[in-house]
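This is input09.tsv. It holds TSV, C-alpha atoms.
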```
chain	number	residue	atom	x	y	z
A	1	MET	CA	-11.21	-2.43	-5.98
A	2	SER	CA	-11.70	-0.84	-2.56
A	3	GLU	CA	-8.84	0.46	-0.44
A	4	ARG	CA	-9.48	-2.31	2.07
A	5	ILE	CA	-9.27	-5.10	-0.52
A	6	ALA	CA	-6.15	-3.51	-2.00
A	7	ALA	CA	-4.52	-3.36	1.45
A	8	TRP	CA	-5.33	-7.01	2.13
A	9	SER	CA	-4.09	-8.04	-1.32
A	10	ILE	CA	-0.84	-6.11	-0.90
A	11	GLY	CA	-0.38	-7.65	2.55
A	12	LEU	CA	-0.98	-11.19	1.29
A	13	ILE	CA	1.34	-10.79	-1.71
A	14	SER	CA	4.05	-9.29	0.47
A	15	ALA	CA	3.71	-11.99	3.12
A	16	ALA	CA	3.84	-14.76	0.50
A	17	VAL	CA	6.98	-13.33	-1.12
A	18	LEU	CA	8.64	-12.80	2.26
A	19	ALA	CA	7.75	-16.35	3.37
A	20	ALA	CA	9.06	-17.87	0.14
A	21	VAL	CA	12.36	-15.96	0.28
A	22	GLY	CA	12.70	-16.65	4.00
A	23	ALA	CA	12.11	-20.38	3.51
A	24	LEU	CA	14.63	-20.41	0.69
A	25	LEU	CA	17.35	-18.64	2.68
A	26	LEU	CA	16.65	-20.04	6.15
A	27	GLY	CA	15.50	-23.52	5.19
A	28	PRO	CA	17.64	-26.62	4.76
A	29	ARG	CA	20.90	-25.92	2.93
A	30	THR	CA	20.53	-28.27	-0.03
A	31	PRO	CA	21.26	-26.33	-3.22
A	32	ALA	CA	19.50	-27.82	-6.23
A	33	GLY	CA	22.54	-27.71	-8.53
A	34	GLY	CA	22.43	-28.77	-12.15
A	35	LEU	CA	21.97	-25.28	-13.61
A	36	ASP	CA	24.86	-22.86	-14.15
A	37	VAL	CA	23.74	-19.75	-12.29
A	38	SER	CA	27.21	-18.25	-11.86
A	39	ALA	CA	26.33	-15.16	-13.93
A	40	LEU	CA	23.22	-14.32	-11.89
A	41	PRO	CA	24.92	-12.40	-9.03
A	42	ALA	CA	26.37	-9.93	-11.55
A	43	LEU	CA	22.99	-9.70	-13.30
A	44	ASN	CA	21.34	-9.07	-9.93
A	45	ALA	CA	23.78	-6.26	-9.16
A	46	ALA	CA	23.09	-4.76	-12.59
A	47	LEU	CA	19.34	-4.96	-12.00
A	48	ASN	CA	19.75	-3.26	-8.61
A	49	ALA	CA	21.87	-0.52	-10.18
A	50	THR	CA	19.29	-0.11	-12.96
A	51	SER	CA	16.52	0.18	-10.39
A	52	ALA	CA	18.47	2.83	-8.45
A	53	ALA	CA	19.17	4.83	-11.62
A	54	LEU	CA	15.51	4.68	-12.67
A	55	LEU	CA	14.39	5.75	-9.18
A	56	ALA	CA	16.74	8.74	-9.26
A	57	ALA	CA	15.61	9.67	-12.77
A	58	GLY	CA	11.96	9.29	-11.79
A	59	TYR	CA	12.46	11.57	-8.80
A	60	THR	CA	14.13	14.16	-11.03
A	61	PHE	CA	11.28	13.95	-13.53
A	62	ILE	CA	8.56	14.49	-10.94
A	63	ARG	CA	10.44	17.47	-9.49
A	64	ARG	CA	10.31	18.92	-13.02
A	65	ARG	CA	6.61	18.02	-13.29
A	66	ARG	CA	7.21	15.52	-16.09
A	67	VAL	CA	4.60	13.06	-14.83
A	68	ALA	CA	4.64	10.60	-17.74
A	69	ALA	CA	8.44	10.25	-17.61
A	70	HIS	CA	8.23	9.87	-13.81
A	71	ARG	CA	5.64	7.10	-14.13
A	72	THR	CA	7.71	5.29	-16.76
A	73	CYS	CA	10.86	5.41	-14.62
A	74	MET	CA	9.14	4.31	-11.43
A	75	LEU	CA	7.35	1.41	-13.10
A	76	GLY	CA	10.63	0.51	-14.81
A	77	ALA	CA	12.37	0.49	-11.43
A	78	PHE	CA	9.65	-1.75	-10.03
A	79	GLY	CA	9.97	-4.04	-13.05
A	80	ALA	CA	13.76	-4.25	-12.69
A	81	SER	CA	13.28	-5.09	-9.01
A	82	ALA	CA	10.74	-7.80	-9.86
A	83	VAL	CA	13.15	-9.38	-12.36
A	84	PHE	CA	15.88	-9.09	-9.70
A	85	LEU	CA	13.71	-10.96	-7.20
A	86	ALA	CA	13.05	-13.79	-9.65
A	87	SER	CA	16.75	-14.03	-10.52
A	88	TYR	CA	17.73	-13.85	-6.84
A	89	VAL	CA	15.39	-16.71	-5.94
A	90	LEU	CA	16.62	-18.78	-8.90
A	91	TYR	CA	20.26	-18.21	-7.93
A	92	HIS	CA	19.78	-19.09	-4.25
A	93	TYR	CA	17.65	-22.11	-5.10
A	94	HIS	CA	20.41	-23.54	-7.29
A	95	ALA	CA	23.56	-22.23	-5.60
A	96	GLY	CA	22.67	-21.62	-1.96
A	97	SER	CA	24.26	-18.73	-0.10
A	98	ARG	CA	27.80	-17.49	-0.42
A	99	PRO	CA	29.68	-16.79	2.83
A	100	PHE	CA	31.49	-13.50	3.32
A	101	THR	CA	35.23	-14.17	3.50
A	102	GLY	CA	36.48	-10.68	4.35
A	103	GLN	CA	38.43	-10.28	7.58
A	104	GLY	CA	39.20	-7.41	9.91
A	105	TRP	CA	37.34	-4.11	10.02
A	106	ILE	CA	35.30	-4.85	6.90
A	107	ARG	CA	33.51	-7.81	8.47
A	108	PRO	CA	31.28	-5.83	10.88
A	109	VAL	CA	30.72	-3.25	8.13
A	110	TYR	CA	29.53	-5.99	5.77
A	111	PHE	CA	27.16	-7.49	8.33
A	112	PHE	CA	25.73	-4.07	9.25
A	113	VAL	CA	25.05	-3.36	5.57
A	114	LEU	CA	23.62	-6.86	5.07
A	115	VAL	CA	21.27	-6.74	8.07
A	116	THR	CA	19.93	-3.27	7.27
A	117	HIS	CA	19.56	-4.27	3.61
A	118	VAL	CA	17.58	-7.43	4.47
A	119	VAL	CA	15.28	-5.69	6.97
A	120	LEU	CA	14.50	-2.85	4.60
A	121	ALA	CA	14.16	-5.19	1.60
A	122	ALA	CA	11.44	-7.04	3.54
A	123	ALA	CA	9.66	-3.76	4.20
A	124	ILE	CA	9.93	-2.30	0.72
A	125	LEU	CA	7.56	-4.60	-1.18
A	126	PRO	CA	4.37	-3.55	0.64
A	127	MET	CA	5.56	0.07	0.62
A	128	ALA	CA	6.21	0.03	-3.13
A	129	LEU	CA	2.97	-1.79	-3.96
A	130	THR	CA	0.96	0.65	-1.83
A	131	THR	CA	2.74	3.65	-3.35
A	132	ILE	CA	2.01	2.37	-6.86
A	133	TRP	CA	-1.60	1.54	-5.94
A	134	ARG	CA	-2.19	5.06	-4.65
A	135	ALA	CA	-0.83	6.58	-7.85
A	136	VAL	CA	-2.84	4.26	-10.11
A	137	THR	CA	-6.06	5.05	-8.23
A	138	GLY	CA	-5.41	8.79	-8.32
A	139	ARG	CA	-4.89	9.24	-4.59
A	140	PHE	CA	-1.91	11.50	-5.21
A	141	ASP	CA	-1.90	13.24	-1.82
A	142	ARG	CA	-1.53	9.86	-0.08
A	143	HIS	CA	0.86	8.65	-2.82
A	144	VAL	CA	3.22	11.57	-2.22
A	145	ARG	CA	3.19	11.12	1.56
A	146	LEU	CA	4.19	7.47	1.28
A	147	ALA	CA	6.56	7.99	-1.66
A	148	ARG	CA	8.66	10.32	0.53
A	149	TRP	CA	9.49	7.24	2.61
A	150	THR	CA	9.41	4.62	-0.14
A	151	LEU	CA	11.95	6.33	-2.41
A	152	PRO	CA	14.85	6.55	0.07
A	153	VAL	CA	14.22	3.01	1.31
A	154	CYS	CA	14.14	1.69	-2.28
A	155	LEU	CA	17.32	3.57	-3.13
A	156	TYR	CA	19.06	2.23	-0.02
A	157	VAL	CA	18.03	-1.35	-0.77
A	158	SER	CA	19.07	-1.09	-4.42
A	159	LEU	CA	22.42	0.55	-3.73
A	160	THR	CA	23.31	-1.73	-0.82
A	161	GLY	CA	22.40	-4.68	-3.04
A	162	VAL	CA	25.15	-3.58	-5.43
A	163	LEU	CA	27.53	-3.03	-2.49
A	164	ILE	CA	26.80	-6.49	-1.07
A	165	PHE	CA	27.50	-8.06	-4.47
A	166	TRP	CA	30.79	-6.20	-4.67
A	167	MET	CA	31.77	-7.23	-1.13
A	168	LEU	CA	30.86	-10.89	-1.70
A	169	HIS	CA	32.22	-11.35	-5.21
A	170	ARG	CA	34.96	-8.75	-5.67
A	171	TRP	CA	36.39	-8.18	-2.18
```
Could the structure of this file be written out as structure tokens, please?
Amino acid sequence: MSERIAAWSIGLISAAVLAAVGALLLGPRTPAGGLDVSALPALNAALNATSAALLAAGYTFIRRRRVAAHRTCMLGAFGASAVFLASYVLYHYHAGSRPFTGQGWIRPVYFFVLVTHVVLAAAILPMALTTIWRAVTGRFDRHVRLARWTLPVCLYVSLTGVLIFWMLHRW
């Protein structure tokens, strides 16, 4: 597959996922109900934490030139994030959104974290897919240049996902 076709494919996949999640969250507020999805927010937080741990381990492995372990961790992190996305969509389809009930100083903190998380979460899918594509096709110089941006954004999105869960469900 050429670089141009890959770029178009990554763009189309990313746009479709973003449109589907956007329609789900911004569309009419009619939760489907009928399915007990109450355990999914905790599962989603665990998947985000798993992704963050795998990203950190993968970074450590590549710094030590353990390429196979790095690849395994990074693909595992991507897989955990993909399962998270499916679980997230399932939860919001059936349960809708949960309002933040915190008051005082924590409220603007929560919304700052939420907004930055959402914006970067929208950006991370094409970044991650492109980073993976460049590694798979052996374009390691370009892979490394993009991975230097992709890793911190992925870590931020994963860790703030856990923080948002904690603020919504444990605060």
Show me, as a Markdown table, the residues of range 117-162 of chain A having an atom within 12 Å of range 58-68 of chain A, each with the closest atom pair and its distance in Å, using all atoms listed in the file.
```
| residue | atom | partner | partner_atom | distance |
| --- | --- | --- | --- | --- |
| A:Ala135 | CA | A:Val67 | CA | 11.0 |
| A:Phe140 | CA | A:Val67 | CA | 11.7 |
| A:Val144 | CA | A:Ile62 | CA | 10.6 |
| A:Ala147 | CA | A:Tyr59 | CA | 9.9 |
| A:Arg148 | CA | A:Tyr59 | CA | 10.2 |
| A:Thr150 | CA | A:Tyr59 | CA | 11.5 |
| A:Leu151 | CA | A:Tyr59 | CA | 8.3 |
| A:Pro152 | CA | A:Tyr59 | CA | 10.5 |
| A:Cys154 | CA | A:Tyr59 | CA | 12.0 |
| A:Leu155 | CA | A:Tyr59 | CA | 10.9 |
```
Need to verify the contact set: Ser81 in chain A, 7 Å, all atoms listed in the file, exclusion of same-chain residues closer than 5 positions in sequence. Can you return it as a ChimeraX atom specification?
/A:47-48,51
Record the distance separating CA of Ala7 in chain A and CA of Tyr93 in chain A, expressed in Å with one decimal.
29.8 Å
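Picture a line from CA of Ala80 in chain A to CA of Ala42 in chain A; it runs 13.9 Å.
With CA of Gly11 in chain A on one side and CA of Arg139 in chain A on the other, the separation reads 18.9 Å.
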What lies within 10 Å of range 100-105 of chain A using all atoms listed in the file, ignoring chain neighbours under 4 positions off, as a PyMOL selection string?
chain A and resi 109-111+164+167-169+171
May I have the residues from that selection written out with C-alpha atoms, as a PDB file, in the frame of the given file?
```pdb
ATOM      1  CA  VAL A 109      30.720  -3.250   8.130  1.00  0.00           C
ATOM      2  CA  TYR A 110      29.530  -5.990   5.770  1.00  0.00           C
ATOM      3  CA  PHE A 111      27.160  -7.490   8.330  1.00  0.00           C
ATOM      4  CA  ILE A 164      26.800  -6.490  -1.070  1.00  0.00           C
ATOM      5  CA  MET A 167      31.770  -7.230  -1.130  1.00  0.00           C
ATOM      6  CA  LEU A 168      30.860 -10.890  -1.700  1.00  0.00           C
ATOM      7  CA  HIS A 169      32.220 -11.350  -5.210  1.00  0.00           C
ATOM      8  CA  TRP A 171      36.390  -8.180  -2.180  1.00  0.00           C
TER       9      TRP A 171
END
```
Counting only C-alpha atoms, the residue of A:Phe165, A:Gly34, A:Ile132, A:Pro108 that sits nearest His70 in chain A
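Smallest distance to His70 in chain A is found for A:Ile132.
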Val115 in chain A proximity check over A:Ala19, A:Phe84, A:Gly161, A:Phe78, using all atoms listed in the file: winner is A:Gly161
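Minimum distance to Val118 in chain A across A:Ser158, A:Val37, A:Ala77, A:Thr131 (counting all atoms listed in the file) occurs at A:Ser158.
Shortest atom-to-atom contact with Ser97 in chain A among A:Leu26, A:Leu129, A:Val83, A:Leu114: A:Leu26, counting all atoms listed in the file.
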Between A:Ser38, A:Ala45, A:Val153, A:Thr160, single out the one closest to Leu120 in chain A, counting all atoms listed in the file.
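For Leu120 in chain A, the nearest of the given residues is A:Val153.
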Would you list the contacts of Ala86 in chain A as a PyMOL selection string, taking every protein, DNA or RNA residue within 12 Å and counting all atoms listed in the file, but skipping same-chain residues closer than 4 positions in sequence?
chain A and resi 17+20-21+40-41+43-44+47+79-82+90-93
Which residues come within 9 Å of Leu125 in chain A, counting all atoms listed in the file, excluding same-chain residues fewer than 4 positions away, as a count of residues only?
8
Best match for closeness to Leu146 in chain A among A:Ala49, A:Ala95, A:Ile124, A:Ala39, counting only C-alpha atoms
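Of all the options, A:Ile124 lies closest to Leu146 in chain A.
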Would you mind writing range 86-97 of chain A with all heavy atoms, as a PDB file, in the coordinates of the input?
```
ATOM      1  N   ALA A  86      13.127 -12.482  -9.005  1.00  0.00           N
ATOM      2  CA  ALA A  86      13.050 -13.790  -9.650  1.00  0.00           C
ATOM      3  C   ALA A  86      14.446 -14.383  -9.854  1.00  0.00           C
ATOM      4  O   ALA A  86      14.680 -15.568  -9.570  1.00  0.00           O
ATOM      5  CB  ALA A  86      12.325 -13.675 -10.991  1.00  0.00           C
ATOM      6  N   SER A  87      15.377 -13.577 -10.301  1.00  0.00           N
ATOM      7  CA  SER A  87      16.750 -14.030 -10.520  1.00  0.00           C
ATOM      8  C   SER A  87      17.428 -14.395  -9.201  1.00  0.00           C
ATOM      9  O   SER A  87      18.160 -15.392  -9.106  1.00  0.00           O
ATOM     10  CB  SER A  87      17.536 -12.940 -11.248  1.00  0.00           C
ATOM     11  OG  SER A  87      18.880 -13.310 -11.416  1.00  0.00           O
ATOM     12  N   TYR A  88      17.168 -13.606  -8.171  1.00  0.00           N
ATOM     13  CA  TYR A  88      17.730 -13.850  -6.840  1.00  0.00           C
ATOM     14  C   TYR A  88      17.253 -15.196  -6.294  1.00  0.00           C
ATOM     15  O   TYR A  88      18.046 -15.995  -5.791  1.00  0.00           O
ATOM     16  CB  TYR A  88      17.309 -12.704  -5.914  1.00  0.00           C
ATOM     17  CG  TYR A  88      17.762 -12.842  -4.486  1.00  0.00           C
ATOM     18  CD1 TYR A  88      19.017 -12.400  -4.092  1.00  0.00           C
ATOM     19  CD2 TYR A  88      16.917 -13.390  -3.521  1.00  0.00           C
ATOM     20  CE1 TYR A  88      19.421 -12.510  -2.768  1.00  0.00           C
ATOM     21  CE2 TYR A  88      17.314 -13.504  -2.208  1.00  0.00           C
ATOM     22  CZ  TYR A  88      18.570 -13.064  -1.839  1.00  0.00           C
ATOM     23  OH  TYR A  88      18.982 -13.180  -0.528  1.00  0.00           O
ATOM     24  N   VAL A  89      15.954 -15.442  -6.408  1.00  0.00           N
ATOM     25  CA  VAL A  89      15.390 -16.710  -5.940  1.00  0.00           C
ATOM     26  C   VAL A  89      15.966 -17.871  -6.740  1.00  0.00           C
ATOM     27  O   VAL A  89      16.362 -18.905  -6.177  1.00  0.00           O
ATOM     28  CB  VAL A  89      13.847 -16.678  -6.009  1.00  0.00           C
ATOM     29  CG1 VAL A  89      13.248 -18.063  -5.834  1.00  0.00           C
ATOM     30  CG2 VAL A  89      13.297 -15.721  -4.957  1.00  0.00           C
ATOM     31  N   LEU A  90      16.047 -17.734  -8.044  1.00  0.00           N
ATOM     32  CA  LEU A  90      16.620 -18.780  -8.900  1.00  0.00           C
ATOM     33  C   LEU A  90      18.064 -19.080  -8.509  1.00  0.00           C
ATOM     34  O   LEU A  90      18.454 -20.243  -8.363  1.00  0.00           O
ATOM     35  CB  LEU A  90      16.540 -18.355 -10.374  1.00  0.00           C
ATOM     36  CG  LEU A  90      17.065 -19.357 -11.391  1.00  0.00           C
ATOM     37  CD1 LEU A  90      16.177 -20.597 -11.421  1.00  0.00           C
ATOM     38  CD2 LEU A  90      17.133 -18.712 -12.772  1.00  0.00           C
ATOM     39  N   TYR A  91      18.855 -18.027  -8.314  1.00  0.00           N
ATOM     40  CA  TYR A  91      20.260 -18.210  -7.930  1.00  0.00           C
ATOM     41  C   TYR A  91      20.370 -18.957  -6.594  1.00  0.00           C
ATOM     42  O   TYR A  91      21.096 -19.935  -6.475  1.00  0.00           O
ATOM     43  CB  TYR A  91      20.988 -16.869  -7.840  1.00  0.00           C
ATOM     44  CG  TYR A  91      22.382 -17.022  -7.281  1.00  0.00           C
ATOM     45  CD1 TYR A  91      23.418 -17.500  -8.074  1.00  0.00           C
ATOM     46  CD2 TYR A  91      22.648 -16.748  -5.943  1.00  0.00           C
ATOM     47  CE1 TYR A  91      24.693 -17.675  -7.566  1.00  0.00           C
ATOM     48  CE2 TYR A  91      23.920 -16.919  -5.424  1.00  0.00           C
ATOM     49  CZ  TYR A  91      24.936 -17.386  -6.243  1.00  0.00           C
ATOM     50  OH  TYR A  91      26.193 -17.576  -5.716  1.00  0.00           O
ATOM     51  N   HIS A  92      19.659 -18.482  -5.579  1.00  0.00           N
ATOM     52  CA  HIS A  92      19.780 -19.090  -4.250  1.00  0.00           C
ATOM     53  C   HIS A  92      19.178 -20.493  -4.200  1.00  0.00           C
ATOM     54  O   HIS A  92      19.633 -21.323  -3.419  1.00  0.00           O
ATOM     55  CB  HIS A  92      19.188 -18.175  -3.177  1.00  0.00           C
ATOM     56  CG  HIS A  92      20.098 -17.038  -2.859  1.00  0.00           C
ATOM     57  ND1 HIS A  92      21.199 -17.169  -2.060  1.00  0.00           N
ATOM     58  CD2 HIS A  92      20.102 -15.756  -3.274  1.00  0.00           C
ATOM     59  CE1 HIS A  92      21.831 -16.023  -1.971  1.00  0.00           C
ATOM     60  NE2 HIS A  92      21.177 -15.147  -2.714  1.00  0.00           N
ATOM     61  N   TYR A  93      18.198 -20.756  -5.035  1.00  0.00           N
ATOM     62  CA  TYR A  93      17.650 -22.110  -5.100  1.00  0.00           C
ATOM     63  C   TYR A  93      18.700 -23.076  -5.644  1.00  0.00           C
ATOM     64  O   TYR A  93      18.842 -24.186  -5.146  1.00  0.00           O
ATOM     65  CB  TYR A  93      16.393 -22.124  -5.982  1.00  0.00           C
ATOM     66  CG  TYR A  93      15.795 -23.500  -6.138  1.00  0.00           C
ATOM     67  CD1 TYR A  93      15.064 -24.070  -5.093  1.00  0.00           C
ATOM     68  CD2 TYR A  93      15.971 -24.231  -7.301  1.00  0.00           C
ATOM     69  CE1 TYR A  93      14.516 -25.341  -5.218  1.00  0.00           C
ATOM     70  CE2 TYR A  93      15.425 -25.500  -7.442  1.00  0.00           C
ATOM     71  CZ  TYR A  93      14.706 -26.052  -6.396  1.00  0.00           C
ATOM     72  OH  TYR A  93      14.175 -27.310  -6.527  1.00  0.00           O
ATOM     73  N   HIS A  94      19.434 -22.649  -6.641  1.00  0.00           N
ATOM     74  CA  HIS A  94      20.410 -23.540  -7.290  1.00  0.00           C
ATOM     75  C   HIS A  94      21.792 -23.492  -6.650  1.00  0.00           C
ATOM     76  O   HIS A  94      22.504 -24.495  -6.683  1.00  0.00           O
ATOM     77  CB  HIS A  94      20.523 -23.217  -8.784  1.00  0.00           C
ATOM     78  CG  HIS A  94      19.346 -23.697  -9.556  1.00  0.00           C
ATOM     79  ND1 HIS A  94      19.181 -25.011  -9.924  1.00  0.00           N
ATOM     80  CD2 HIS A  94      18.246 -23.048  -9.998  1.00  0.00           C
ATOM     81  CE1 HIS A  94      18.042 -25.147 -10.567  1.00  0.00           C
ATOM     82  NE2 HIS A  94      17.452 -23.970 -10.623  1.00  0.00           N
ATOM     83  N   ALA A  95      22.187 -22.361  -6.085  1.00  0.00           N
ATOM     84  CA  ALA A  95      23.560 -22.230  -5.600  1.00  0.00           C
ATOM     85  C   ALA A  95      23.669 -22.112  -4.078  1.00  0.00           C
ATOM     86  O   ALA A  95      24.766 -22.238  -3.541  1.00  0.00           O
ATOM     87  CB  ALA A  95      24.226 -21.018  -6.248  1.00  0.00           C
ATOM     88  N   GLY A  96      22.581 -21.844  -3.403  1.00  0.00           N
ATOM     89  CA  GLY A  96      22.670 -21.620  -1.960  1.00  0.00           C
ATOM     90  C   GLY A  96      23.235 -20.232  -1.688  1.00  0.00           C
ATOM     91  O   GLY A  96      23.254 -19.372  -2.559  1.00  0.00           O
ATOM     92  N   SER A  97      23.707 -20.021  -0.484  1.00  0.00           N
ATOM     93  CA  SER A  97      24.260 -18.730  -0.100  1.00  0.00           C
ATOM     94  C   SER A  97      25.780 -18.763  -0.152  1.00  0.00           C
ATOM     95  O   SER A  97      26.395 -19.817   0.024  1.00  0.00           O
ATOM     96  CB  SER A  97      23.812 -18.358   1.320  1.00  0.00           C
ATOM     97  OG  SER A  97      22.429 -18.146   1.340  1.00  0.00           O
TER      98      SER A  97
END
```
